[in-house]
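Report on one structure; see the data block that follows.
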Amino acid sequence: MRRFLSVWLPRWPTDRLRRRLSSQPYGPLALIQTTANTTRLYAVNTMAARMGLAPNMTLADAMALVPALGTGPADPQGDQAALERLADWCGRYSPWVATDGPDGLILDVTGVPHLFGGEEAMLNNAQGSFRRMHVIARCAIADSPAAAWAWARHGGGGVLPGRPDCLEPLGQLPVAALRIDARLADSLNTLGLKTVGAIANLPRAPLTKRFGPQLLERLDCLLIRRDEPISPRQQPAPWRSRAHLAEPISTREAIEQVLDQLLETLCPLLEKEHLGARQLALHAYRVDGDVQTIRIGTSAPSRNPKHLARLFRDPLDGIMPGFGFETFVLEATAADPFSAEQANLEGTHQTGSDFTQLIDRLQARLGDRAVFRYEPVQRRTPEASVVRLSPTARSHEEMPDLEPRPQRLMYQPEIVEMDNTGEAFTWRRIRRRIASVDGPERIRGEWTPGGLDVVSRDYFRIEDEAGRRYWVYRSLDGWFIQGMFA
């Protein structure tokens with residue numbers, strides 16, 4: 001049986017403003033928004049609501065009722081972005097998390113509550129976390145997203161029993177719990193159909209004919225007669241390990257110790273499926289609702305906990321613990337088949353593994369784009385004759401049959417000044433006397449999608465009196481140097 005957790009944040013815009021301010025206002029507060037040349041209330045806090053204020057009320061009427069009302073500009077886009085960050089933080093409870101309108105979240109917690117000691121304990125944990133963040137929230141757990149949504153907003157929250165025990169309490173909810181259009185809800189109330197149970201007992205055909213199919217669709221979702229899938233913000237990885245801490249931690253040593261435990265749990269999961277991790281993500285959940293994520297990659301599939309822990313070592317320097325982390329989740333976001341390598345005669349280590357681990361450490365320290373190798377390709381133009389590849393990528397191109405090429409090839413050719421006598425040339429303000437010349441080798445251009453890349457060039461291998469050898473060419477634009485031989 002699937003179970004869903006709905007989180008309702010009735011005062012989310014004003015709660016978010018309170019969290020941003022250094023000194024939190026305790027009086028009546030409203031966020032305002034101007035539309036159609038009229039300033040109206042966008043959201044109000046609890047104290048303002050108790051004084052009779054509500055969203056969509058004009059600011060003039062609100063100030064007449066509450067002269068001491070504090071106001072601030074509304075920020076719907078910022079509220080939505082902050083709600084999405086809060087959804088990421090709720091990943092500590094379930095990998096299947098989605099935003100549910102502008103004031104709610106929905107989590108698929110099937111098979112999760114036992115990690116917290118049961119559904120009641122999980123619900124209390126969530127409520128306590130929001131309370132510590134100074135966010136007003138009401139949570140409910142039920143068999144469907146619609147039932148959890150309705151129970152959180154109209155049933156007082158809490159754990160709703162499964163079907164069929166949940167049908168009676170759901171039937172007592174008002175028709176607004178169906179999550180239908182406000183006009184349709186008003187029409188049903190006018191006809192005396194004020195509860196979900198009153199609608200559920202009526203014949204379906206007349207209801208569909210009069211109110212359309214939406215009413216019965218929402219009724220079936222609420223009464224768990226049809227599935228209502230959710231679209232999580234991030235697809236959960238199939239290989240995960242998590243750690244819920246009794247007390248928040250903030251020191252580097254404690255974080256590394258938790259990471260080692262997570263790796264010791266995750267690597268056997270990959271081993272059972274004969275896989276090795278290619279990409280790993282460590283999610284650290286702070287007590288203030290912030291989530292910090294560290295991602296690493298490997299050049300080859302790996303499931304060596306010690307090696308993977310070393311790759312996390314440098315990125316951990318940039319983590320900001322704040323008031324401390326209370327939950328960690330480690331997941332392998334990408335994994336490839338792991339092929340065991342032949343050990344040497346002593347059986348002490350696997351051949352080739354040291355090289356790939358060295359590449360991983362270099363990439364973790366310098367960046368993925370800073371560690372690479374060049375591979376020649378079948379192109380005549382020197383600038384396009386090599387491509388960048390990963391250090392461990394296999395070669396699929398055959399070496400082109402060309403004249404000897406310099407070991408150092410410049411990214412862009414540089415201008416040289418050749419003497420009229422041909423006895424010397426000047427490059428980088430230094431005059432170099434020529435001892436010998438070999439060439440020319442004519443290289444013609446190639447057709448590309450943008451046209452002909454070069455017309456033609458005559459290349460010479462020139463050695464100066466100091467024994468340095470250069471790769472110089474002559475074109476219609478003059479003389480240029482493009483590389484140096486060893």
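Going through the structure tokens in order, the chains are called A, B, and so on, while each chain numbers its residues from 1 and the ligands are numbered from 1 in the order shown.
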Write out as number ranges by chain the residues lying within 12 Å of region 467-476 of chain A, counting only C-alpha atoms and excluding same-chain residues fewer than 6 positions away. A: 382, 403-410, 413-418, 425-427, 432-445, 454-461, 482-486
Open item on the list: What's around Ala30 (chain A) at 6 Å? Count only C-alpha atoms, leave out sequence neighbours fewer than 2 positions away in its own chain, and write the answer as a ChimeraX atom specification.
Closed with: /A:43-44,71
- Message: If you run DSSP on the backbone here, which positions in region 252-438 of chain A get helix (DSSP H, G or I)? Please write them as a PyMOL selection string.
- Response: chain A and resi 252-272+305-313+315-318+353-366+368-370+382-384
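Residues in contact with region 164-176 of chain A at 10 Å, where only C-alpha atoms are counted and same-chain residues fewer than 6 positions away are skipped, are listed as Ala142, Asp143, Ala147, Ala150, Trp151, Arg153, His154, Gly155, Ala182, Leu184, Ala185, Asp186, Leu188, Asn189, Leu193, Lys194, Thr195, Val196, Gly197, Ala198, Ile199, Ala200, Asn201, Leu215, Leu219, Leu222, Leu223 and Ile224 of chain A.
Nearest to Glu423 (chain A) of all the residues A:Ile106, A:Met63, A:Ala364, A:Ile462 is A:Ile462, based on only C-alpha atoms.
Using only C-alpha atoms, the residues found no farther than 9 Å from region 124-138 of chain A, other than those of its own chain fewer than 3 positions away, are A:Ser6, A:Val7, A:Trp8, A:Leu9, A:Pro10, A:Arg11, A:Trp12, A:Asp15, A:Arg16, A:Arg18, A:Arg19, A:Cys90, A:Tyr93, A:Gly104, A:Phe116, A:Glu119, A:Glu120, A:Ala121, A:Ala152, A:Arg153, A:Gly156, A:Gly157, A:Gly158, A:Val287, A:Asp288, A:Gly289.
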Given the selection you just returned, output its residues as a file containing N, CA and C atoms, formatted as a compact mmCIF listing (two decimals), in the first residue's frame.
# COMPACT_ATOMS: atom_id res chain seq x y z
N SER A 6 1.62 14.90 2.86
CA SER A 6 1.33 16.23 2.36
C SER A 6 1.73 17.27 3.41
N VAL A 7 2.42 18.29 2.96
CA VAL A 7 2.85 19.39 3.83
C VAL A 7 2.16 20.66 3.36
N TRP A 8 1.38 21.27 4.24
CA TRP A 8 0.68 22.51 3.92
C TRP A 8 1.37 23.65 4.64
N LEU A 9 1.72 24.69 3.90
CA LEU A 9 2.39 25.87 4.44
C LEU A 9 1.46 27.07 4.27
N PRO A 10 0.50 27.25 5.18
CA PRO A 10 -0.53 28.28 4.97
C PRO A 10 0.01 29.71 4.98
N ARG A 11 1.15 29.94 5.64
CA ARG A 11 1.71 31.29 5.73
C ARG A 11 3.10 31.35 5.12
N TRP A 12 3.32 30.63 4.05
CA TRP A 12 4.65 30.50 3.48
C TRP A 12 5.26 31.85 3.06
N ASP A 15 6.11 33.73 6.27
CA ASP A 15 7.14 32.99 7.01
C ASP A 15 8.50 33.15 6.35
N ARG A 16 8.51 33.16 5.03
CA ARG A 16 9.78 33.33 4.31
C ARG A 16 10.35 34.72 4.57
N ARG A 18 9.90 36.53 7.29
CA ARG A 18 10.41 36.52 8.66
C ARG A 18 11.77 35.85 8.74
N ARG A 19 11.96 34.79 7.96
CA ARG A 19 13.24 34.09 7.98
C ARG A 19 14.36 34.96 7.38
N CYS A 90 13.39 18.41 1.83
CA CYS A 90 12.53 17.31 2.25
C CYS A 90 12.97 15.97 1.66
N TYR A 93 13.47 12.94 3.86
CA TYR A 93 12.40 12.01 4.23
C TYR A 93 12.06 11.04 3.11
N GLY A 104 2.43 24.21 -0.79
CA GLY A 104 2.48 22.84 -0.28
C GLY A 104 3.51 21.98 -0.96
N PHE A 116 12.06 6.06 10.70
CA PHE A 116 11.86 7.07 11.73
C PHE A 116 11.12 6.54 12.95
N GLU A 119 4.89 5.96 11.31
CA GLU A 119 4.32 7.15 10.66
C GLU A 119 4.13 8.29 11.64
N GLU A 120 3.67 7.99 12.85
CA GLU A 120 3.47 9.05 13.84
C GLU A 120 4.80 9.72 14.17
N ALA A 121 5.84 8.92 14.37
CA ALA A 121 7.15 9.49 14.69
C ALA A 121 7.70 10.30 13.52
N ALA A 152 -4.70 17.34 5.33
CA ALA A 152 -3.82 18.37 5.88
C ALA A 152 -4.52 19.72 5.95
N ARG A 153 -5.36 20.04 4.96
CA ARG A 153 -5.97 21.37 4.90
C ARG A 153 -7.35 21.44 5.54
N GLY A 156 -7.40 18.73 9.74
CA GLY A 156 -6.60 18.97 10.93
C GLY A 156 -5.23 18.34 10.91
N GLY A 157 -4.92 17.54 9.89
CA GLY A 157 -3.61 16.90 9.81
C GLY A 157 -3.52 15.64 10.64
N GLY A 158 -2.38 14.98 10.54
CA GLY A 158 -2.17 13.73 11.26
C GLY A 158 -2.13 12.55 10.31
N VAL A 287 20.06 21.96 9.61
CA VAL A 287 18.90 22.10 10.50
C VAL A 287 18.05 23.32 10.16
N ASP A 288 18.62 24.28 9.39
CA ASP A 288 17.86 25.48 9.05
C ASP A 288 17.14 25.37 7.73
N GLY A 289 17.08 24.16 7.14
CA GLY A 289 16.34 23.96 5.91
C GLY A 289 17.16 24.08 4.65
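With only C-alpha atoms as the atoms that count, the residue of A:Ser94, A:Thr35, A:Gln279, A:Thr99 with the shortest distance to Ala82 (chain A) is A:Thr99.
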Shortest contact to Arg388 (chain A), candidates A:Glu375, A:Asp79, A:Glu228, A:Glu465, atoms counted only C-alpha atoms, goes to A:Glu375
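Restricting the calculation to only C-alpha atoms, the smallest distance between Ser231 (chain A) and any of A:Val371, A:Ala98, A:Leu191, A:Leu86 is found for A:Ala98.
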Taking only C-alpha atoms into account, produce a table as a tab-separated table in which each residue of region 75-118 of chain A with an atom at most 12 Å from an atom of region 237-242 of chain A appears once, together with its shortest atom pair and the distance in Å to one decimal, ordered by chain and rising number.
residue	atom	partner	partner_atom	distance
A:Gly91	CA	A:Arg242	CA	10.6
A:Arg92	CA	A:Arg242	CA	8.2
A:Tyr93	CA	A:Arg242	CA	10.0
A:Ser94	CA	A:Arg242	CA	10.6
A:Pro95	CA	A:Ala237	CA	8.3
A:Trp96	CA	A:Ala237	CA	10.4
A:Val112	CA	A:Arg242	CA	11.6
A:Leu115	CA	A:Arg242	CA	10.0
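From CA of Glu383 (chain A) back to CA of Ala466 (chain A), the distance works out to 27.2 Å.
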Taking 2 positions as the minimum chain separation for residues in the same chain, which residues sit within 6 Å of region 296-306 of chain A when counting only C-alpha atoms? Answer as number ranges by chain.
A: 263, 267, 276-280, 308-309, 336, 338, 360
